[in-house]
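Listing of data.pdb; format and content: PDB, C-alpha atoms, pLDDT in the B column.
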```
MODEL        1
ATOM      1  CA  MET A   1    -159.433 -65.298  90.947  1.00 75.00           C
ATOM      2  CA  LEU A   2    -159.283 -62.317  88.566  1.00 85.00           C
ATOM      3  CA  LYS A   3    -158.102 -59.968  91.338  1.00 88.00           C
ATOM      4  CA  ASP A   4    -155.178 -62.283  92.133  1.00 90.00           C
ATOM      5  CA  LYS A   5    -154.160 -62.404  88.464  1.00 91.00           C
ATOM      6  CA  VAL A   6    -154.395 -58.594  88.128  1.00 91.00           C
ATOM      7  CA  THR A   7    -152.345 -58.137  91.309  1.00 93.00           C
ATOM      8  CA  GLU A   8    -149.681 -60.484  89.962  1.00 93.00           C
ATOM      9  CA  LEU A   9    -149.545 -58.657  86.607  1.00 93.00           C
ATOM     10  CA  LEU A  10    -149.461 -55.270  88.339  1.00 94.00           C
ATOM     11  CA  ASN A  11    -146.526 -56.355  90.493  1.00 93.00           C
ATOM     12  CA  GLN A  12    -144.767 -57.626  87.361  1.00 93.00           C
ATOM     13  CA  ALA A  13    -145.264 -54.257  85.628  1.00 93.00           C
ATOM     14  CA  LEU A  14    -143.943 -52.366  88.664  1.00 93.00           C
ATOM     15  CA  GLU A  15    -140.861 -54.631  88.803  1.00 93.00           C
ATOM     16  CA  GLU A  16    -140.094 -53.706  85.192  1.00 92.00           C
ATOM     17  CA  ASN A  17    -140.066 -49.989  86.062  1.00 91.00           C
ATOM     18  CA  GLN A  18    -138.906 -49.691  89.670  1.00 91.00           C
ATOM     19  CA  SER A  19    -139.205 -45.885  89.735  1.00 92.00           C
ATOM     20  CA  LEU A  20    -143.005 -46.393  89.758  1.00 93.00           C
ATOM     21  CA  PHE A  21    -144.974 -47.390  92.826  1.00 93.00           C
ATOM     22  CA  LEU A  22    -148.571 -48.222  93.591  1.00 93.00           C
ATOM     23  CA  ILE A  23    -150.747 -45.662  95.391  1.00 93.00           C
ATOM     24  CA  ASP A  24    -154.129 -47.339  95.039  1.00 93.00           C
ATOM     25  CA  PHE A  25    -155.647 -50.455  93.488  1.00 94.00           C
ATOM     26  CA  LYS A  26    -159.388 -51.013  93.445  1.00 94.00           C
ATOM     27  CA  MET A  27    -161.489 -53.649  91.797  1.00 93.00           C
ATOM     28  CA  SER A  28    -165.267 -53.496  91.941  1.00 92.00           C
ATOM     29  CA  SER A  29    -167.671 -56.430  91.887  1.00 90.00           C
ATOM     30  CA  ASP A  30    -168.395 -55.791  88.186  1.00 91.00           C
ATOM     31  CA  ASN A  31    -164.651 -56.045  87.346  1.00 90.00           C
ATOM     32  CA  LYS A  32    -163.870 -52.334  87.020  1.00 94.00           C
ATOM     33  CA  ILE A  33    -160.159 -52.143  87.737  1.00 94.00           C
ATOM     34  CA  LYS A  34    -158.638 -48.808  88.801  1.00 95.00           C
ATOM     35  CA  VAL A  35    -154.892 -48.447  89.365  1.00 95.00           C
ATOM     36  CA  THR A  36    -153.300 -45.225  90.642  1.00 94.00           C
ATOM     37  CA  LEU A  37    -149.520 -44.867  90.283  1.00 94.00           C
ATOM     38  CA  ASP A  38    -146.849 -42.424  91.347  1.00 93.00           C
ATOM     39  CA  GLY A  39    -143.170 -42.358  90.537  1.00 92.00           C
ATOM     40  CA  ASP A  40    -139.902 -41.085  91.918  1.00 89.00           C
ATOM     41  CA  ASN A  41    -139.554 -38.983  88.749  1.00 88.00           C
ATOM     42  CA  GLY A  42    -143.267 -38.508  88.110  1.00 88.00           C
ATOM     43  CA  VAL A  43    -145.480 -40.666  85.906  1.00 93.00           C
ATOM     44  CA  THR A  44    -145.698 -40.243  82.153  1.00 93.00           C
ATOM     45  CA  LEU A  45    -148.443 -41.308  79.788  1.00 94.00           C
ATOM     46  CA  LYS A  46    -146.054 -43.980  78.480  1.00 95.00           C
ATOM     47  CA  ASP A  47    -145.676 -45.353  82.026  1.00 94.00           C
ATOM     48  CA  CYS A  48    -149.462 -45.653  82.397  1.00 95.00           C
ATOM     49  CA  MET A  49    -149.744 -47.263  78.959  1.00 95.00           C
ATOM     50  CA  ALA A  50    -147.004 -49.793  79.764  1.00 94.00           C
ATOM     51  CA  VAL A  51    -148.685 -50.866  83.013  1.00 94.00           C
ATOM     52  CA  SER A  52    -152.075 -50.997  81.299  1.00 94.00           C
ATOM     53  CA  ARG A  53    -150.718 -53.149  78.466  1.00 94.00           C
ATOM     54  CA  THR A  54    -148.967 -55.530  80.849  1.00 93.00           C
ATOM     55  CA  ILE A  55    -152.270 -56.163  82.605  1.00 92.00           C
ATOM     56  CA  GLU A  56    -154.616 -56.080  79.619  1.00 92.00           C
ATOM     57  CA  HIS A  57    -152.517 -58.172  77.223  1.00 91.00           C
ATOM     58  CA  ASN A  58    -152.202 -60.969  79.770  1.00 91.00           C
ATOM     59  CA  LEU A  59    -155.910 -61.315  80.576  1.00 88.00           C
ATOM     60  CA  ASP A  60    -158.320 -63.215  78.372  1.00 85.00           C
ATOM     61  CA  ARG A  61    -161.320 -61.056  77.434  1.00 82.00           C
ATOM     62  CA  GLU A  62    -163.210 -64.223  76.497  1.00 84.00           C
ATOM     63  CA  GLU A  63    -162.834 -65.471  80.053  1.00 87.00           C
ATOM     64  CA  HIS A  64    -163.228 -62.168  81.970  1.00 84.00           C
ATOM     65  CA  ASP A  65    -165.170 -59.030  81.109  1.00 89.00           C
ATOM     66  CA  PHE A  66    -163.374 -56.076  82.700  1.00 91.00           C
ATOM     67  CA  ALA A  67    -162.710 -52.338  82.423  1.00 92.00           C
ATOM     68  CA  LEU A  68    -159.191 -51.102  83.191  1.00 93.00           C
ATOM     69  CA  GLU A  69    -158.133 -47.588  84.156  1.00 95.00           C
ATOM     70  CA  VAL A  70    -154.491 -46.772  84.947  1.00 95.00           C
ATOM     71  CA  GLU A  71    -153.789 -43.215  86.104  1.00 94.00           C
ATOM     72  CA  SER A  72    -151.130 -41.151  87.807  1.00 93.00           C
ATOM     73  CA  ALA A  73    -151.661 -39.505  91.159  1.00 90.00           C
ATOM     74  CA  GLY A  74    -152.811 -35.951  90.482  1.00 86.00           C
ATOM     75  CA  ALA A  75    -151.023 -32.821  91.605  1.00 81.00           C
ATOM     76  CA  THR A  76    -153.620 -32.245  94.319  1.00 82.00           C
ATOM     77  CA  THR A  77    -153.882 -35.893  95.393  1.00 88.00           C
ATOM     78  CA  PRO A  78    -152.973 -36.310  99.081  1.00 93.00           C
ATOM     79  CA  LEU A  79    -149.602 -37.890  99.809  1.00 93.00           C
ATOM     80  CA  VAL A  80    -150.010 -41.314 101.379  1.00 89.00           C
ATOM     81  CA  MET A  81    -146.607 -43.034 101.263  1.00 89.00           C
ATOM     82  CA  PRO A  82    -143.196 -42.095 102.694  1.00 91.00           C
ATOM     83  CA  ARG A  83    -141.746 -42.458  99.185  1.00 91.00           C
ATOM     84  CA  GLN A  84    -144.027 -39.625  97.991  1.00 93.00           C
ATOM     85  CA  TYR A  85    -142.716 -37.267 100.666  1.00 94.00           C
ATOM     86  CA  LYS A  86    -139.116 -37.948  99.636  1.00 93.00           C
ATOM     87  CA  LYS A  87    -139.807 -37.005  96.017  1.00 91.00           C
ATOM     88  CA  ASN A  88    -141.463 -33.732  97.119  1.00 93.00           C
ATOM     89  CA  ILE A  89    -138.597 -32.372  99.242  1.00 94.00           C
ATOM     90  CA  GLY A  90    -138.247 -28.656  98.510  1.00 95.00           C
ATOM     91  CA  ARG A  91    -141.959 -28.128  97.805  1.00 94.00           C
ATOM     92  CA  ILE A  92    -144.553 -26.404  99.969  1.00 95.00           C
ATOM     93  CA  LEU A  93    -146.894 -28.815 101.770  1.00 96.00           C
ATOM     94  CA  GLU A  94    -150.113 -28.301 103.646  1.00 95.00           C
ATOM     95  CA  VAL A  95    -150.235 -30.879 106.432  1.00 95.00           C
ATOM     96  CA  ARG A  96    -153.151 -31.637 108.718  1.00 94.00           C
ATOM     97  CA  SER A  97    -152.170 -33.675 111.751  1.00 90.00           C
ATOM     98  CA  GLN A  98    -154.129 -34.846 114.755  1.00 84.00           C
ATOM     99  CA  ASP A  99    -153.091 -31.772 116.751  1.00 84.00           C
ATOM    100  CA  SER A 100    -152.857 -28.901 114.266  1.00 91.00           C
ATOM    101  CA  ASN A 101    -152.310 -27.705 110.698  1.00 94.00           C
ATOM    102  CA  PHE A 102    -149.007 -26.672 109.159  1.00 93.00           C
ATOM    103  CA  GLU A 103    -147.950 -25.157 105.859  1.00 95.00           C
ATOM    104  CA  GLY A 104    -144.284 -25.046 105.063  1.00 96.00           C
ATOM    105  CA  LYS A 105    -141.424 -26.169 102.885  1.00 96.00           C
ATOM    106  CA  LEU A 106    -140.670 -29.873 103.134  1.00 96.00           C
ATOM    107  CA  THR A 107    -136.965 -30.003 104.002  1.00 96.00           C
ATOM    108  CA  ALA A 108    -136.517 -33.626 105.063  1.00 95.00           C
ATOM    109  CA  ALA A 109    -138.366 -36.926 104.862  1.00 95.00           C
ATOM    110  CA  THR A 110    -137.641 -40.358 106.286  1.00 94.00           C
ATOM    111  CA  GLU A 111    -139.718 -43.519 106.492  1.00 93.00           C
ATOM    112  CA  ASP A 112    -141.100 -42.324 109.852  1.00 94.00           C
ATOM    113  CA  SER A 113    -141.281 -38.514 109.798  1.00 95.00           C
ATOM    114  CA  ILE A 114    -141.124 -35.310 107.772  1.00 96.00           C
ATOM    115  CA  THR A 115    -139.682 -31.881 108.581  1.00 96.00           C
ATOM    116  CA  LEU A 116    -141.415 -28.658 107.551  1.00 96.00           C
ATOM    117  CA  GLU A 117    -139.894 -25.171 107.731  1.00 96.00           C
ATOM    118  CA  TRP A 118    -141.604 -21.792 107.370  1.00 95.00           C
ATOM    119  CA  LYS A 119    -141.261 -18.145 108.384  1.00 94.00           C
ATOM    120  CA  ALA A 120    -143.664 -16.556 110.837  1.00 92.00           C
ATOM    121  CA  ARG A 121    -144.173 -13.059 112.238  1.00 92.00           C
ATOM    122  CA  GLU A 122    -144.131 -12.944 116.040  1.00 91.00           C
ATOM    123  CA  PRO A 123    -144.145 -10.117 118.594  1.00 90.00           C
ATOM    124  CA  LYS A 124    -140.689  -8.890 119.580  1.00 89.00           C
ATOM    125  CA  PRO A 125    -139.500 -10.207 122.953  1.00 86.00           C
ATOM    126  CA  VAL A 126    -138.869  -6.613 124.068  1.00 87.00           C
ATOM    127  CA  GLY A 127    -140.637  -3.529 122.740  1.00 85.00           C
ATOM    128  CA  LYS A 128    -143.273  -3.028 120.117  1.00 88.00           C
ATOM    129  CA  GLY A 129    -143.521  -4.546 116.674  1.00 89.00           C
ATOM    130  CA  LYS A 130    -142.959  -7.931 115.177  1.00 92.00           C
ATOM    131  CA  VAL A 131    -139.989  -9.919 114.051  1.00 91.00           C
ATOM    132  CA  THR A 132    -139.747 -12.671 111.414  1.00 92.00           C
ATOM    133  CA  VAL A 133    -138.629 -15.994 112.844  1.00 92.00           C
ATOM    134  CA  GLN A 134    -137.788 -19.284 111.193  1.00 94.00           C
ATOM    135  CA  LYS A 135    -139.985 -22.151 112.401  1.00 94.00           C
ATOM    136  CA  LYS A 136    -139.270 -25.848 112.061  1.00 95.00           C
ATOM    137  CA  GLN A 137    -141.566 -28.759 112.874  1.00 93.00           C
ATOM    138  CA  GLU A 138    -140.921 -32.485 112.696  1.00 94.00           C
ATOM    139  CA  ILE A 139    -144.115 -34.490 112.184  1.00 93.00           C
ATOM    140  CA  ALA A 140    -144.428 -38.255 112.470  1.00 93.00           C
ATOM    141  CA  ILE A 141    -145.962 -39.746 109.328  1.00 93.00           C
ATOM    142  CA  SER A 142    -148.281 -41.787 111.553  1.00 92.00           C
ATOM    143  CA  ASP A 143    -149.711 -38.491 112.956  1.00 93.00           C
ATOM    144  CA  ILE A 144    -150.497 -37.046 109.508  1.00 94.00           C
ATOM    145  CA  GLN A 145    -154.173 -37.174 108.608  1.00 94.00           C
ATOM    146  CA  GLU A 146    -153.724 -35.469 105.234  1.00 95.00           C
ATOM    147  CA  ALA A 147    -150.835 -33.876 103.351  1.00 95.00           C
ATOM    148  CA  LYS A 148    -151.031 -32.117 100.005  1.00 95.00           C
ATOM    149  CA  VAL A 149    -148.587 -30.233  97.817  1.00 94.00           C
ATOM    150  CA  VAL A 150    -149.558 -26.548  97.632  1.00 94.00           C
ATOM    151  CA  LEU A 151    -149.670 -25.281  94.058  1.00 90.00           C
ATOM    152  CA  LYS A 152    -149.001 -21.570  93.641  1.00 82.00           C
ATOM    153  CA  PHE A 153    -149.431 -19.763  90.362  1.00 82.00           C
TER
ENDMDL
END
```

Take the structure I supplied and represent it as C-alpha coordinates, if you would.
Amino acid sequence: MLKDKVTELLNQALEENQSLFLIDFKMSSDNKIKVTLDGDNGVTLKDCMAVSRTIEHNLDREEHDFALEVESAGATTPLVMPRQYKKNIGRILEVRSQDSNFEGKLTAATEDSITLEWKAREPKPVGKGKVTVQKKQEIAISDIQEAKVVLKF
(Lines of atoms letter the chains of each structure in order from A and count residues from 1; the text may use other names and numbers.)
(Lines give C-alpha, C1' and ligand atoms only; values in the text may rest on other atoms or scores of the structure.)
Protein backbone atom coordinates (compact mmCIF):
# COMPACT_ATOMS: atom_id res chain seq x y z
CA MET A 1 0.00 0.00 0.00
CA LEU A 2 2.66 2.52 1.06
CA LYS A 3 5.04 1.42 -1.72
CA ASP A 4 2.35 2.05 -4.35
CA LYS A 5 1.69 5.54 -2.97
CA VAL A 6 5.43 6.36 -2.88
CA THR A 7 5.84 5.09 -6.45
CA GLU A 8 2.95 7.27 -7.59
CA LEU A 9 4.39 10.36 -5.85
CA LEU A 10 7.87 9.64 -7.21
CA ASN A 11 6.51 9.41 -10.76
CA GLN A 12 4.66 12.69 -10.20
CA ALA A 13 7.87 14.40 -9.04
CA LEU A 14 9.80 13.08 -12.05
CA GLU A 15 7.07 14.33 -14.42
CA GLU A 16 7.49 17.82 -12.95
CA ASN A 17 11.21 17.82 -13.79
CA GLN A 18 11.66 15.66 -16.89
CA SER A 19 15.45 16.13 -16.99
CA LEU A 20 15.60 13.83 -13.92
CA PHE A 21 15.27 10.07 -14.10
CA LEU A 22 15.14 7.24 -11.61
CA ILE A 23 18.20 5.01 -11.15
CA ASP A 24 17.10 3.04 -8.10
CA PHE A 25 14.15 2.84 -5.72
CA LYS A 26 14.24 0.62 -2.66
CA MET A 27 11.86 0.25 0.21
CA SER A 28 12.66 -2.02 3.14
CA SER A 29 10.20 -3.89 5.32
CA ASP A 30 10.58 -1.24 8.06
CA ASN A 31 9.61 1.54 5.58
CA LYS A 32 13.08 2.92 4.86
CA ILE A 33 12.70 4.52 1.45
CA LYS A 34 15.82 5.15 -0.67
CA VAL A 35 15.58 6.93 -4.02
CA THR A 36 18.60 7.41 -6.31
CA LEU A 37 18.27 9.94 -9.15
CA ASP A 38 20.31 11.07 -12.11
CA GLY A 39 19.66 13.85 -14.58
CA ASP A 40 20.49 14.86 -18.11
CA ASN A 41 22.18 17.96 -16.67
CA GLY A 42 23.22 16.42 -13.36
CA VAL A 43 21.26 16.51 -10.11
CA THR A 44 21.34 19.46 -7.73
CA LEU A 45 20.53 19.57 -4.04
CA LYS A 46 17.37 21.50 -4.96
CA ASP A 47 16.31 18.65 -7.27
CA CYS A 48 16.70 16.11 -4.44
CA MET A 49 14.83 18.40 -2.04
CA ALA A 50 11.97 18.88 -4.51
CA VAL A 51 11.52 15.13 -5.01
CA SER A 52 11.80 14.52 -1.27
CA ARG A 53 9.18 17.17 -0.50
CA THR A 54 6.78 15.85 -3.13
CA ILE A 55 6.90 12.43 -1.48
CA GLU A 56 7.09 13.47 2.16
CA HIS A 57 4.44 16.21 2.08
CA ASN A 58 1.90 13.86 0.53
CA LEU A 59 2.27 11.02 3.04
CA ASP A 60 0.60 11.04 6.43
CA ARG A 61 3.14 10.45 9.22
CA GLU A 62 0.27 9.54 11.54
CA GLU A 63 -0.67 6.70 9.22
CA HIS A 64 2.83 5.54 8.13
CA ASP A 65 6.15 5.67 9.95
CA PHE A 66 8.90 5.98 7.33
CA ALA A 67 12.42 7.26 6.67
CA LEU A 68 13.11 8.89 3.30
CA GLU A 69 16.47 9.37 1.60
CA VAL A 70 16.72 10.98 -1.85
CA GLU A 71 20.20 11.11 -3.38
CA SER A 72 21.94 11.66 -6.68
CA ALA A 73 23.98 8.98 -8.39
CA GLY A 74 27.59 9.50 -7.34
CA ALA A 75 30.46 10.20 -9.69
CA THR A 76 31.74 6.64 -9.28
CA THR A 77 28.32 4.98 -9.42
CA PRO A 78 28.12 2.48 -12.31
CA LEU A 79 26.06 3.56 -15.31
CA VAL A 80 22.93 1.45 -15.65
CA MET A 81 20.65 3.19 -18.16
CA PRO A 82 21.13 4.19 -21.82
CA ARG A 83 20.18 7.75 -20.86
CA GLN A 84 23.23 7.90 -18.55
CA TYR A 85 25.58 6.95 -21.37
CA LYS A 86 24.20 9.72 -23.59
CA LYS A 87 24.88 12.38 -20.95
CA ASN A 88 28.48 11.14 -20.54
CA ILE A 89 29.53 11.35 -24.21
CA GLY A 90 33.04 12.80 -24.35
CA ARG A 91 34.13 11.32 -21.00
CA ILE A 92 36.48 8.42 -20.35
CA LEU A 93 34.69 5.20 -19.36
CA GLU A 94 35.93 1.94 -17.95
CA VAL A 95 33.70 -0.82 -19.30
CA ARG A 96 33.68 -4.46 -18.27
CA SER A 97 31.82 -6.68 -20.70
CA GLN A 98 31.30 -10.41 -20.83
CA ASP A 99 34.34 -10.85 -23.09
CA SER A 100 36.86 -8.21 -22.03
CA ASN A 101 37.59 -4.84 -20.44
CA PHE A 102 37.88 -1.52 -22.24
CA GLU A 103 38.86 1.99 -21.24
CA GLY A 104 38.27 4.76 -23.71
CA LYS A 105 36.46 7.94 -24.61
CA LEU A 106 32.72 7.50 -25.07
CA THR A 107 32.05 8.92 -28.53
CA ALA A 108 28.53 7.68 -29.24
CA ALA A 109 25.59 6.17 -27.38
CA THR A 110 22.24 4.83 -28.53
CA GLU A 111 19.52 2.90 -26.75
CA ASP A 112 21.26 -0.36 -27.74
CA SER A 113 25.02 0.27 -27.86
CA ILE A 114 27.93 2.56 -27.03
CA THR A 115 31.13 3.36 -28.94
CA LEU A 116 34.48 3.77 -27.20
CA GLU A 117 37.66 5.13 -28.80
CA TRP A 118 41.22 5.05 -27.48
CA LYS A 119 44.84 5.10 -28.65
CA ALA A 120 47.05 2.05 -28.32
CA ARG A 121 50.71 1.27 -29.02
CA GLU A 122 51.19 -1.72 -31.33
CA PRO A 123 54.22 -3.25 -33.06
CA LYS A 124 54.93 -1.82 -36.51
CA PRO A 125 53.77 -4.06 -39.36
CA VAL A 126 57.29 -3.94 -40.82
CA GLY A 127 60.49 -3.34 -38.86
CA LYS A 128 61.17 -2.68 -35.23
CA GLY A 129 59.38 -0.35 -32.86
CA LYS A 130 55.82 0.56 -32.15
CA VAL A 131 53.25 2.80 -33.69
CA THR A 132 50.25 4.55 -32.10
CA VAL A 133 46.94 3.45 -33.58
CA GLN A 134 43.41 4.65 -33.01
CA LYS A 135 41.09 1.91 -31.74
CA LYS A 136 37.31 1.92 -31.82
CA GLN A 137 34.93 -0.58 -30.24
CA GLU A 138 31.15 -0.74 -30.35
CA ILE A 139 29.68 -2.53 -27.33
CA ALA A 140 26.08 -3.62 -26.96
CA ILE A 141 24.56 -2.27 -23.74
CA SER A 142 23.18 -5.75 -23.05
CA ASP A 143 26.80 -7.10 -23.00
CA ILE A 144 28.00 -4.54 -20.44
CA GLN A 145 28.42 -5.96 -16.95
CA GLU A 146 29.68 -2.70 -15.44
CA ALA A 147 30.56 0.75 -16.75
CA LYS A 148 31.99 3.62 -14.74
CA VAL A 149 33.20 7.12 -15.54
CA VAL A 150 36.96 7.37 -14.95
CA LEU A 151 37.87 10.39 -12.83
CA LYS A 152 41.35 11.78 -13.41
CA PHE A 153 42.87 14.47 -11.26

**Prompt:** What does the distance from atom CA of A:Thr107 to atom CA of A:Met81 come to in Å, to one decimal?
**Reply:** 16.4 Å

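If you measure from each of A:Leu106, A:Val149, A:Asn11, A:Gln134 to A:Lys119 using only C-alpha atoms, the closest one turns out to be A:Gln134.
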
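Proximity to A:Leu37 was assessed for A:Pro125, A:Gly90, A:Gly104, A:Gly74 counting all atoms listed in the file; the smallest distance is recorded for A:Gly74.
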
**Item:** 9 Å contact set for A:Leu151, only C-alpha atoms, chain neighbours under 4 positions out, as number ranges by chain
**Value:** A: 75-76, 92-93

Store the residues picked out above in a file with C-alpha atoms, as a tab-separated table (two decimals), keeping the file's coordinate frame.
```tsv
chain	number	residue	atom	x	y	z
A	75	ALA	CA	-151.02	-32.82	91.60
A	76	THR	CA	-153.62	-32.24	94.32
A	92	ILE	CA	-144.55	-26.40	99.97
A	93	LEU	CA	-146.89	-28.82	101.77
```

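Proximity ranking of A:Val80, A:Val126, A:Ile114, A:Leu45 relative to A:Glu138 places A:Ile114 first, based on only C-alpha atoms.
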
**Item:** Among the residues A:Val95, A:Leu22, A:Met49, A:Ile55, the one that comes closest to A:Ile144 [using all atoms listed in the file]
**Value:** A:Val95

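With all atoms listed in the file taken into account, the protein and nucleic acid residues at most 12 Å from A:Ala50 (excluding it and anything under 6 positions from it in its own chain) are A:Leu9, A:Leu10, A:Gln12, A:Ala13, A:Leu14, A:Glu15, A:Glu16, A:Asn17, A:Leu20, A:Leu37, A:Val43, A:Thr44, A:Glu56, A:His57, A:Val70, A:Glu71.
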
**Prompt:** So how far away is atom CA of A:Met27 from atom CA of A:Leu59, in Å?
**Reply:** 14.7 Å

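Closest to A:Ile23 among A:Leu79, A:Ile141, A:Leu68, A:Leu2 is A:Leu79, based on all atoms listed in the file.
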
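Counting all atoms listed in the file, the residue from A:Ala73, A:Ile139, A:Ala67, A:Val133 that sits nearest to A:Phe102 is A:Ile139.
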
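You will find atom CA of A:Arg91 at 26.5 Å from atom CA of A:Phe25.
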
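Residue selection for this entry, given the PyMOL selection byres ((chain A and resi 132) around 6), comprises Ala120, Arg121, Val131 and Val133 of chain A.
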
Could you save those same residues with C-alpha atoms as a PDB file, in the coordinates of the input?
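The resulting file, part.pdb, is shown below:
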```pdb
ATOM      1  CA  ALA A 120    -143.664 -16.556 110.837  1.00 92.00           C
ATOM      2  CA  ARG A 121    -144.173 -13.059 112.238  1.00 92.00           C
ATOM      3  CA  VAL A 131    -139.989  -9.919 114.051  1.00 91.00           C
ATOM      4  CA  VAL A 133    -138.629 -15.994 112.844  1.00 92.00           C
TER       5      VAL A 133
END
```

Could you spell out the hits of the PyMOL selection byres ((chain A and resi 100) around 12) on the shown file, as an mmCIF file with C-alpha atoms, keeping the file's coordinate frame?
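This is the output file part-v1.cif:
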```cif
data_model
loop_
_atom_site.group_PDB
_atom_site.id
_atom_site.type_symbol
_atom_site.label_atom_id
_atom_site.label_comp_id
_atom_site.auth_asym_id
_atom_site.auth_seq_id
_atom_site.Cartn_x
_atom_site.Cartn_y
_atom_site.Cartn_z
ATOM 1 C CA GLU A 94 -150.113 -28.301 103.646
ATOM 2 C CA VAL A 95 -150.235 -30.879 106.432
ATOM 3 C CA ARG A 96 -153.151 -31.637 108.718
ATOM 4 C CA SER A 97 -152.170 -33.675 111.751
ATOM 5 C CA GLN A 98 -154.129 -34.846 114.755
ATOM 6 C CA ASP A 99 -153.091 -31.772 116.751
ATOM 7 C CA ASN A 101 -152.310 -27.705 110.698
ATOM 8 C CA PHE A 102 -149.007 -26.672 109.159
ATOM 9 C CA GLU A 103 -147.950 -25.157 105.859
ATOM 10 C CA GLN A 137 -141.566 -28.759 112.874
ATOM 11 C CA ILE A 139 -144.115 -34.490 112.184
ATOM 12 C CA ASP A 143 -149.711 -38.491 112.956
ATOM 13 C CA ILE A 144 -150.497 -37.046 109.508
ATOM 14 C CA GLN A 145 -154.173 -37.174 108.608
ATOM 15 C CA GLU A 146 -153.724 -35.469 105.234
#
```

**Residues matched by the PyMOL selection byres ((chain A and resi 29) around 12), written as a PyMOL selection string** = chain A and resi 2-3+26-28+30-33+65-67
